[in-house]
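Participant: Sharing protein-v1.tsv, TSV, C-alpha atoms and all ligand atoms:
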```tsv
chain	number	residue	atom	x	y	z
A	1	MET	CA	16.35	-6.58	0.08
A	2	GLY	CA	14.74	-8.08	-3.00
A	3	GLY	CA	12.07	-5.71	-4.19
A	4	THR	CA	10.77	-6.18	-7.70
A	5	ARG	CA	13.68	-8.03	-9.26
A	6	GLY	CA	14.48	-11.64	-8.48
A	7	HIS	CA	14.36	-15.02	-10.15
A	8	GLY	CA	10.62	-15.12	-9.42
A	9	THR	CA	9.86	-11.82	-11.13
A	10	PRO	CA	7.24	-12.42	-13.85
A	11	TYR	CA	8.57	-12.22	-17.41
A	12	ARG	CA	6.88	-9.74	-19.73
A	13	PHE	CA	8.21	-11.27	-22.95
A	14	CYS	CA	8.90	-14.88	-23.90
A	15	PRO	CA	12.62	-15.66	-23.37
A	16	HIS	CA	12.49	-18.04	-26.34
A	17	CYS	CA	10.53	-16.19	-29.05
A	18	ALA	CA	10.01	-12.66	-27.62
A	19	THR	CA	6.21	-12.77	-27.84
A	20	ALA	CA	4.46	-10.63	-25.20
A	21	LEU	CA	3.27	-12.95	-22.42
A	22	ALA	CA	-0.20	-13.15	-20.86
A	23	GLY	CA	-1.05	-14.52	-17.42
A	24	ASP	CA	-2.92	-17.81	-17.09
A	25	ASP	CA	-5.34	-18.84	-14.34
A	26	ARG	CA	-2.52	-19.21	-11.80
A	27	ASP	CA	-0.99	-15.98	-13.03
A	28	ARG	CA	1.82	-17.82	-14.73
A	29	ALA	CA	3.22	-15.99	-17.73
A	30	ARG	CA	2.28	-18.02	-20.81
A	31	CYS	CA	3.45	-17.54	-24.39
A	32	ALA	CA	0.80	-17.69	-27.13
A	33	GLY	CA	3.59	-17.92	-29.72
A	34	CYS	CA	5.53	-21.04	-28.69
A	35	GLY	CA	3.72	-22.39	-25.62
A	36	PHE	CA	6.44	-21.48	-23.09
A	37	VAL	CA	5.15	-21.17	-19.51
A	38	GLN	CA	7.12	-19.41	-16.79
A	39	TYR	CA	6.71	-21.65	-13.75
A	40	ARG	CA	7.65	-19.53	-10.77
A	41	ASN	CA	9.00	-22.14	-8.38
A	42	PRO	CA	11.09	-21.49	-5.30
A	43	ILE	CA	14.80	-22.09	-5.79
A	44	ALA	CA	16.63	-24.66	-3.67
A	45	ALA	CA	18.90	-23.10	-1.06
A	46	VAL	CA	21.24	-24.69	1.47
A	47	ALA	CA	22.82	-23.73	4.76
A	48	ALA	CA	25.60	-25.43	6.75
A	49	ILE	CA	25.42	-25.48	10.55
A	50	VAL	CA	28.85	-25.80	12.18
A	51	LEU	CA	28.51	-26.22	15.94
A	52	ALA	CA	31.16	-25.80	18.62
A	53	ARG	CA	31.70	-25.63	22.34
A	54	GLY	CA	33.06	-22.11	22.65
A	55	GLU	CA	34.30	-19.51	20.19
A	56	ALA	CA	37.09	-21.66	18.74
A	57	LEU	CA	36.81	-24.20	15.93
A	58	PRO	CA	35.79	-27.68	17.09
A	59	PRO	CA	38.40	-30.46	16.94
A	60	PRO	CA	38.85	-31.51	13.28
A	61	GLY	CA	36.67	-34.47	12.36
A	62	SER	CA	34.42	-34.25	15.40
A	63	LEU	CA	30.72	-33.59	14.99
A	64	ILE	CA	29.43	-31.47	17.86
A	65	THR	CA	25.77	-32.41	18.23
A	66	PRO	CA	23.05	-29.85	18.98
A	67	ALA	CA	22.77	-31.32	22.49
A	68	GLU	CA	26.48	-30.72	23.12
A	69	ALA	CA	26.88	-27.41	21.34
A	70	THR	CA	27.07	-23.99	22.94
A	71	HIS	CA	28.07	-21.96	19.85
A	72	LEU	CA	27.36	-21.87	16.11
A	73	LEU	CA	29.17	-20.41	13.14
A	74	LEU	CA	27.64	-17.31	11.55
A	75	VAL	CA	28.76	-15.00	8.78
A	76	ARG	CA	28.13	-11.31	8.27
A	77	ARG	CA	26.78	-10.63	4.81
A	78	ALA	CA	28.52	-8.24	2.46
A	79	SER	CA	26.21	-8.17	-0.59
A	80	THR	CA	22.45	-8.61	-0.19
A	81	HIS	CA	21.35	-7.93	3.41
A	82	ALA	CA	24.77	-6.36	3.96
A	83	GLY	CA	25.71	-6.07	7.63
A	84	ALA	CA	23.21	-8.71	8.75
A	85	TRP	CA	24.22	-12.13	10.03
A	86	CYS	CA	23.23	-15.56	8.75
A	87	ILE	CA	24.12	-19.21	8.88
A	88	PRO	CA	26.49	-19.82	5.91
A	89	CYS	CA	24.18	-20.41	2.95
A	90	GLY	CA	23.54	-20.05	-0.75
A	91	TYR	CA	21.74	-21.35	-3.80
A	92	VAL	CA	22.11	-24.82	-5.26
A	93	GLU	CA	23.60	-24.45	-8.73
A	94	HIS	CA	22.04	-26.20	-11.73
A	95	ASP	CA	23.38	-29.80	-11.90
A	96	GLU	CA	24.91	-29.47	-8.41
A	97	GLU	CA	24.19	-32.12	-5.75
A	98	ILE	CA	22.58	-30.51	-2.70
A	99	ARG	CA	25.21	-31.57	-0.12
A	100	ALA	CA	27.99	-30.52	-2.47
A	101	ALA	CA	26.29	-27.11	-2.63
A	102	ALA	CA	26.21	-26.84	1.17
A	103	ALA	CA	29.91	-27.77	1.42
A	104	ARG	CA	30.81	-25.30	-1.35
A	105	GLU	CA	28.93	-22.41	0.22
A	106	LEU	CA	30.50	-23.09	3.60
A	107	MET	CA	33.97	-23.14	2.02
A	108	GLU	CA	33.38	-19.96	0.03
A	109	GLU	CA	32.02	-17.95	2.94
A	110	THR	CA	34.15	-19.27	5.82
A	111	GLY	CA	37.22	-21.07	4.41
A	112	LEU	CA	36.24	-24.30	6.20
A	113	THR	CA	36.15	-27.77	4.71
A	114	ALA	CA	33.38	-29.90	6.21
A	115	VAL	CA	31.50	-33.13	5.70
A	116	ILE	CA	27.81	-32.42	5.26
A	117	GLU	CA	25.83	-34.62	7.65
A	118	GLU	CA	22.12	-34.96	8.45
A	119	VAL	CA	19.36	-32.47	7.73
A	120	PHE	CA	18.54	-30.35	10.76
A	121	ALA	CA	15.69	-28.27	9.31
A	122	VAL	CA	13.80	-27.47	6.11
A	123	HIS	CA	11.82	-24.26	5.69
A	124	SER	CA	10.19	-22.17	2.99
A	125	ASN	CA	11.61	-18.65	2.82
A	126	PHE	CA	8.98	-16.05	1.98
A	127	HIS	CA	10.80	-12.93	3.20
A	128	ASP	CA	11.42	-11.79	-0.38
A	129	PRO	CA	8.29	-12.24	-2.54
A	130	PHE	CA	10.33	-12.09	-5.76
A	131	ASP	CA	13.11	-14.39	-4.60
A	132	GLN	CA	11.50	-17.31	-2.79
A	133	THR	CA	13.49	-20.36	-1.78
A	134	VAL	CA	13.15	-23.68	0.02
A	135	GLY	CA	16.09	-23.92	2.37
A	136	THR	CA	17.67	-27.06	3.80
A	137	TRP	CA	19.86	-26.60	6.89
A	138	PHE	CA	22.43	-29.38	7.28
A	139	LEU	CA	24.65	-30.19	10.23
A	140	ALA	CA	28.28	-29.98	9.09
A	141	ARG	CA	31.27	-31.84	10.52
A	142	TYR	CA	34.34	-29.60	10.50
A	143	VAL	CA	37.34	-31.24	8.84
A	144	SER	CA	40.01	-28.63	8.09
A	145	GLY	CA	40.79	-25.02	7.35
A	146	GLY	CA	41.01	-21.79	9.31
A	147	LEU	CA	38.19	-19.25	9.57
A	148	ARG	CA	38.44	-16.74	6.73
A	149	ALA	CA	35.42	-14.78	5.59
A	150	GLY	CA	35.02	-14.69	1.81
A	151	ASP	CA	32.68	-14.39	-1.15
A	152	ASP	CA	29.40	-12.85	0.10
A	153	ALA	CA	30.65	-12.60	3.71
A	154	ASP	CA	33.01	-10.14	5.37
A	155	ARG	CA	33.12	-11.78	8.83
A	156	ALA	CA	32.87	-15.35	10.08
A	157	ALA	CA	32.80	-16.23	13.77
A	158	PHE	CA	31.25	-18.47	16.41
A	159	PHE	CA	28.50	-17.01	18.60
A	160	ALA	CA	26.60	-18.33	21.58
A	161	ILE	CA	23.44	-20.11	20.39
A	162	ALA	CA	21.63	-18.37	23.24
A	163	ALA	CA	22.78	-14.91	22.13
A	164	PRO	CA	23.16	-14.59	18.35
A	165	PRO	CA	24.29	-11.24	16.95
A	166	GLU	CA	21.76	-8.79	15.52
A	167	PRO	CA	20.49	-8.14	13.03
A	168	LEU	CA	19.91	-11.60	11.62
A	169	ALA	CA	19.26	-11.52	7.87
A	170	PHE	CA	16.59	-14.23	7.66
A	171	PRO	CA	13.57	-15.07	9.85
A	172	THR	CA	14.07	-18.77	9.14
A	173	ASP	CA	17.63	-18.65	10.54
A	174	ARG	CA	16.06	-17.31	13.73
A	175	ARG	CA	13.73	-20.34	13.80
A	176	VAL	CA	16.67	-22.69	13.24
A	177	ILE	CA	18.71	-21.05	16.00
A	178	ALA	CA	15.69	-21.34	18.34
A	179	ALA	CA	15.43	-25.04	17.46
A	180	LEU	CA	19.15	-25.50	18.17
A	181	ARG	CA	18.70	-23.78	21.50
A	182	ALA	CA	15.78	-26.07	22.36
A	183	GLN	CA	18.02	-29.11	21.82
A	184	GLN	CA	20.83	-27.87	24.06
A	185	ARG	CA	21.35	-29.80	27.24
A	186	SER	CA	21.64	-27.43	30.15
A	187	VAL	CA	25.02	-25.79	29.66
B	201	ZN	ZN	7.50	-18.03	-26.93
```
Here is a file; write its structure as structure tokens.

Facilitator:
Amino acid sequence: MGGTRGHGTPYRFCPHCATALAGDDRDRARCAGCGFVQYRNPIAAVAAIVLARGEALPPPGSLITPAEATHLLLVRRASTHAGAWCIPCGYVEHDEEIRAAAARELMEETGLTAVIEEVFAVHSNFHDPFDQTVGTWFLARYVSGGLRAGDDADRAAFFAIAAPPEPLAFPTDRRVIAALRAQQRSV
């Protein structure tokens, strides 16, 4: 989706003093009135990878490693990219610790409580030029809860890593799923 409105859309007027902004040599919007500069940085995003052996939830408290896993948890999106599938994900809120953000997004979209474990992948997301992010994909250890799609998702289910549903919302999720598949022992 995206288009011309996102957090990276250039401001036309200073958000502090309302002076019309002019671009600088990096095309940052700069205010001649108060000195404000709009730095257009990517936003931090997180995703939680819950792995399983089959379409059922893994045993509570057990971390299924990429080598052991056959399935991963995906959600179908209901707002942006509606109808497309992704690994449960979202933005890190201001003042929010990054692993807390991953656990929160997983809970909101799937109903699952999990311990956020090691980083599996980090990628820049350029698919939306006005809404760029740096995403961190964590492995997540399932602890409790039943699958219940919520918030930005209308379905949550486990799918074979070798055969994810289409369409996938994000090209970087496709890279992550390919990397998971590469780590599978022969199953
Ligand atoms: Zn200003």

Participant: Around ligand ZN 201 (chain B), which protein and nucleic acid residues have at least one atom no more than 10 Å from it, if we count only C-alpha atoms and all ligand atoms? List them as an NGL selection string.

Facilitator: :A and (13-21 or 30-37)

Participant: Residues at most 8 Å from Ala102 (chain A), counting only C-alpha atoms, excluding those fewer than 3 positions away in the same chain, as a PDB file with C-alpha atoms, keeping the file's coordinate frame?

Facilitator:
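Result file follows (part_11.pdb):
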```
ATOM      1  CA  VAL A  46      21.240 -24.690   1.470  1.00  0.00           C
ATOM      2  CA  ALA A  47      22.820 -23.730   4.760  1.00  0.00           C
ATOM      3  CA  ALA A  48      25.600 -25.430   6.750  1.00  0.00           C
ATOM      4  CA  CYS A  89      24.180 -20.410   2.950  1.00  0.00           C
ATOM      5  CA  GLY A  90      23.540 -20.050  -0.750  1.00  0.00           C
ATOM      6  CA  VAL A  92      22.110 -24.820  -5.260  1.00  0.00           C
ATOM      7  CA  ILE A  98      22.580 -30.510  -2.700  1.00  0.00           C
ATOM      8  CA  ARG A  99      25.210 -31.570  -0.120  1.00  0.00           C
ATOM      9  CA  GLU A 105      28.930 -22.410   0.220  1.00  0.00           C
ATOM     10  CA  LEU A 106      30.500 -23.090   3.600  1.00  0.00           C
ATOM     11  CA  ILE A 116      27.810 -32.420   5.260  1.00  0.00           C
ATOM     12  CA  PHE A 138      22.430 -29.380   7.280  1.00  0.00           C
TER      13      PHE A 138
END
```

Participant: Using all atoms listed in the file, pick whichever of A:Gly23, A:Gly135, A:Pro66, A:Gly54 has the shortest atom-to-atom distance to Arg185 (chain A).

Facilitator: A:Pro66

Participant: For each of A:Val143, A:Leu72, A:Leu63, A:Met107, take the minimum atom-to-atom distance to Ala178 (chain A), counting all atoms listed in the file, then give the residue where this is smallest.

Facilitator: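 Of A:Val143, A:Leu72, A:Leu63, A:Met107, the one nearest Ala178 (chain A), counting all atoms listed in the file, is A:Leu72.
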
Participant: So which one's closest to Ile161 (chain A), A:Val134, A:Leu73, A:Ala103, A:Val119? Using all atoms listed in the file, please.

Facilitator: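 Of A:Val134, A:Leu73, A:Ala103, A:Val119, the one nearest Ile161 (chain A) is A:Leu73, counting all atoms listed in the file.
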
Participant: Could you check how far CA of Ala78 (chain A) sits from CA of Leu139 (chain A), in Å to one decimal?

Facilitator: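 Interatomic distance here is 23.6 Å.
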
Participant: Would you write out, as CSV, a table of all residues in region 84-131 of chain A that have an atom no more than 9 Å from an atom of region 8-12 of chain A, listing for each the closest atom pair and the distance in Å to one decimal, considering all atoms listed in the file and ordering rows by chain and rising residue number?

Facilitator:
```
residue,atom,partner,partner_atom,distance
A:Pro129,CA,A:Gly8,CA,7.8
A:Phe130,CA,A:Gly8,CA,4.8
A:Asp131,CA,A:Gly8,CA,5.5
```
